[in-house]
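Undergrad: Compact mmCIF, C-alpha atoms, file target29.txt:
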```txt
# COMPACT_ATOMS: atom_id res chain seq x y z
CA MET A 1 198.41 -54.87 -32.15
CA ALA A 2 198.50 -51.24 -30.98
CA ASP A 3 201.80 -49.55 -30.19
CA ASN A 4 201.91 -49.01 -26.41
CA SER A 5 204.93 -46.68 -26.56
CA VAL A 6 203.00 -43.72 -27.99
CA LEU A 7 199.94 -41.79 -26.98
CA THR A 8 197.33 -40.03 -29.08
CA VAL A 9 196.66 -36.36 -28.34
CA SER A 10 193.35 -34.81 -29.35
CA ILE A 11 192.39 -31.18 -28.69
CA VAL A 12 188.78 -30.13 -29.17
CA THR A 13 186.95 -26.84 -28.66
CA PRO A 14 183.29 -25.88 -29.00
CA ASP A 15 184.12 -25.17 -32.67
CA GLY A 16 185.43 -28.70 -33.32
CA LYS A 17 188.71 -30.62 -33.40
CA VAL A 18 191.76 -28.35 -33.45
CA TYR A 19 194.57 -30.92 -33.22
CA GLU A 20 195.18 -34.66 -33.33
CA HIS A 21 198.51 -36.47 -33.47
CA THR A 22 200.39 -39.37 -31.96
CA ALA A 23 203.11 -38.34 -29.54
CA ASP A 24 205.93 -39.51 -27.34
CA MET A 25 205.13 -36.91 -24.67
CA LEU A 26 202.51 -34.28 -23.85
CA VAL A 27 203.27 -31.30 -21.61
CA VAL A 28 200.37 -29.23 -20.26
CA SER A 29 199.96 -26.53 -17.63
CA THR A 30 197.37 -27.42 -15.02
CA MET A 31 196.03 -25.25 -12.22
CA SER A 32 198.54 -27.08 -9.97
CA GLY A 33 201.58 -26.73 -12.25
CA GLN A 34 203.09 -28.38 -15.30
CA LEU A 35 202.33 -32.00 -16.08
CA GLY A 36 204.25 -34.25 -18.45
CA ILE A 37 202.46 -37.33 -19.76
CA MET A 38 204.07 -40.23 -21.59
CA ALA A 39 202.58 -43.47 -22.85
CA ASN A 40 201.11 -45.78 -20.20
CA HIS A 41 200.72 -42.93 -17.67
CA VAL A 42 198.12 -43.56 -14.99
CA PRO A 43 194.66 -42.21 -15.88
CA ILE A 44 194.21 -38.57 -14.91
CA ILE A 45 191.77 -35.69 -15.19
CA ALA A 46 193.09 -32.17 -14.67
CA THR A 47 191.89 -28.59 -15.05
CA LEU A 48 194.07 -26.66 -17.49
CA ALA A 49 195.44 -23.15 -17.11
CA VAL A 50 195.65 -20.62 -19.93
CA ASP A 51 199.06 -21.61 -21.30
CA GLU A 52 200.97 -23.43 -24.00
CA THR A 53 200.52 -27.16 -24.59
CA ARG A 54 203.50 -28.98 -26.10
CA VAL A 55 203.21 -32.22 -28.05
CA LYS A 56 206.55 -33.98 -28.59
CA TYR A 57 207.01 -36.67 -31.22
CA ASP A 58 210.05 -38.00 -33.08
CA ASP A 59 212.44 -35.02 -32.90
CA LYS A 60 209.67 -32.46 -33.36
CA GLU A 61 207.45 -30.41 -31.11
CA ASP A 62 204.05 -28.85 -31.81
CA ASN A 63 202.98 -25.88 -29.72
CA ILE A 64 199.32 -25.10 -29.19
CA ALA A 65 197.88 -22.09 -27.34
CA VAL A 66 195.25 -23.61 -25.05
CA ASN A 67 192.97 -21.21 -23.21
CA GLY A 68 191.61 -23.16 -20.27
CA GLY A 69 189.58 -26.35 -20.20
CA PHE A 70 190.46 -29.79 -18.95
CA LEU A 71 192.56 -32.84 -19.82
CA GLU A 72 191.51 -36.46 -19.60
CA PHE A 73 194.13 -39.19 -20.08
CA SER A 74 193.29 -42.89 -20.17
CA ASN A 75 194.40 -45.89 -22.27
CA ASN A 76 197.09 -43.81 -24.06
CA LEU A 77 194.53 -41.28 -25.29
CA ALA A 78 194.89 -37.69 -24.09
CA THR A 79 191.82 -35.58 -24.78
CA ILE A 80 191.94 -31.86 -24.12
CA VAL A 81 188.58 -30.10 -24.10
CA ALA A 82 189.49 -26.42 -24.28
CA ASP A 83 187.52 -23.19 -24.21
CA SER A 84 189.60 -22.22 -27.25
CA ALA A 85 192.87 -23.39 -28.79
CA GLU A 86 195.07 -22.43 -31.75
CA ASN A 87 197.96 -24.20 -33.41
CA GLN A 88 201.16 -22.17 -33.48
CA GLU A 89 201.08 -21.69 -37.26
CA ASP A 90 197.42 -20.55 -37.20
CA ILE A 91 197.94 -17.65 -34.78
CA ASP A 92 197.65 -14.18 -36.30
CA ILE A 93 200.23 -12.22 -34.29
CA ALA A 94 198.85 -8.82 -35.31
CA ARG A 95 195.38 -9.85 -34.16
CA ALA A 96 196.79 -11.19 -30.88
CA GLU A 97 198.76 -7.97 -30.30
CA ASN A 98 195.58 -5.97 -30.94
CA ALA A 99 193.65 -8.17 -28.49
CA LYS A 100 196.38 -7.56 -25.90
CA LYS A 101 196.16 -3.80 -26.39
CA ASN A 102 192.35 -3.87 -26.13
CA ALA A 103 192.50 -5.97 -22.97
CA GLU A 104 195.00 -3.58 -21.37
CA GLU A 105 192.68 -0.65 -22.17
CA ARG A 106 189.71 -2.53 -20.71
CA ILE A 107 191.72 -3.27 -17.55
CA ALA A 108 192.54 0.40 -17.10
CA ALA A 109 188.90 1.42 -17.65
CA ALA A 110 187.61 -1.25 -15.25
CA ARG A 111 190.07 -0.16 -12.56
CA GLN A 112 188.98 3.44 -12.97
CA ARG A 113 185.28 2.42 -12.65
CA GLN A 114 186.16 -0.07 -9.87
CA ASP A 115 184.22 -2.72 -11.80
CA LYS A 116 185.55 -6.05 -10.51
CA ALA A 117 183.60 -8.25 -12.96
CA ALA A 118 184.82 -6.25 -15.98
CA LEU A 119 188.36 -6.27 -14.55
CA ASP A 120 188.29 -10.07 -14.17
CA ARG A 121 187.06 -10.55 -17.76
CA ALA A 122 189.69 -8.17 -19.13
CA GLN A 123 192.47 -9.92 -17.19
CA VAL A 124 191.42 -13.29 -18.66
CA ALA A 125 191.40 -11.73 -22.14
CA LEU A 126 194.90 -10.35 -21.51
CA ARG A 127 196.22 -13.76 -20.37
CA ARG A 128 194.75 -15.38 -23.49
CA ALA A 129 196.27 -12.75 -25.80
CA ILE A 130 199.70 -13.04 -24.15
CA ASN A 131 199.51 -16.85 -24.38
CA ARG A 132 198.76 -16.66 -28.12
CA ILE A 133 201.62 -14.18 -28.66
CA ASN A 134 204.10 -16.33 -26.73
CA VAL A 135 203.16 -19.50 -28.62
CA ALA A 136 203.26 -17.74 -32.00
CA LYS A 137 206.74 -16.31 -31.38
CA LYS A 138 208.38 -19.66 -30.49
```
Once you've parsed the file, please lay out its structure as structure tokens.
TA:
Amino acid sequence: MADNSVLTVSIVTPDGKVYEHTADMLVVSTMSGQLGIMANHVPIIATLAVDETRVKYDDKEDNIAVNGGFLEFSNNLATIVADSAENQEDIDIARAENAKKNAEERIAAARQRQDKAALDRAQVALRRAINRINVAKK
């Protein structure tokens, strides 16, 4: 008989499965705010923001930088389909800092050219870089 007091969290990207673990609680940031999910939660589908996802189990917590996507939860299985995602220990801080610097330069150039599409893309890149830095430094 399956244990109904835990949920399974799976995070996948176009490159494949990034994370899978059983958990007591999952905390994600949706476009409407933070959402905490425990076992036996009602089924839900939500659009995710570029932010940290926390998976709590036993007395531990895994932090994953999730860069957009969506969450589906049903029958104690939480599946996150993300544009990209990195486990905390896999994040290269120097690379993330460099991505942040490049994004800031692209933002300045786009503002100077008044190129809204380039500005939007650079702002998304900046949010992703900052998210990766924040998760890595926890």
Undergrad: Set the distance at 7 Å and use all atoms listed in the file: which residues neighbour range 27-42 of chain A once local chain neighbours fewer than 3 positions away are removed? I'd like the list as a ChimeraX atom specification.
TA: /A:4-7,24,46-49,51-55,76
Undergrad: Choose the residue, out of A:Ile133, A:Val12, A:Ile44, A:Leu119, that has the smallest atom-to-atom separation from Asn75 in chain A; count only C-alpha atoms.
TA: A:Ile44
Undergrad: At a cut-off of 9 Å from (196.4, -16.5, -30.3) in the coordinates of the file, what residues are picked up using all atoms listed in the file, written as a list in words?
TA: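 Final list of nearby residues, as requested, is Ala65, Val66, Ala85, Glu86, Asn87, Gln88, Asp90, Ile91, Asp92, Ile93, Arg95, Ala96, Glu97, Ala99, Arg128, Ala129, Ile130, Asn131, Arg132, Ile133, Asn134, Val135 and Ala136 of chain A.
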Undergrad: Go through A:Ala117, A:Leu77, A:Ala82, A:Leu126 and flag the residue nearest Glu20 in chain A, using only C-alpha atoms for the distances.
TA: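 Among A:Ala117, A:Leu77, A:Ala82, A:Leu126, it is A:Leu77 that comes nearest to Glu20 in chain A.
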Undergrad: One decimal, in Å: what's the spacing between CA of Arg111 in chain A and CA of Ser84 in chain A?
TA: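 If I compute the distance from CA of Arg111 in chain A to CA of Ser84 in chain A, I get 26.5 Å.
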Undergrad: Would you mind reading off the distance between CA of Ser10 in chain A and CA of Ile80 in chain A, one decimal, in Å?
TA: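 Result for CA of Ser10 in chain A versus CA of Ile80 in chain A: 6.2 Å, one decimal.
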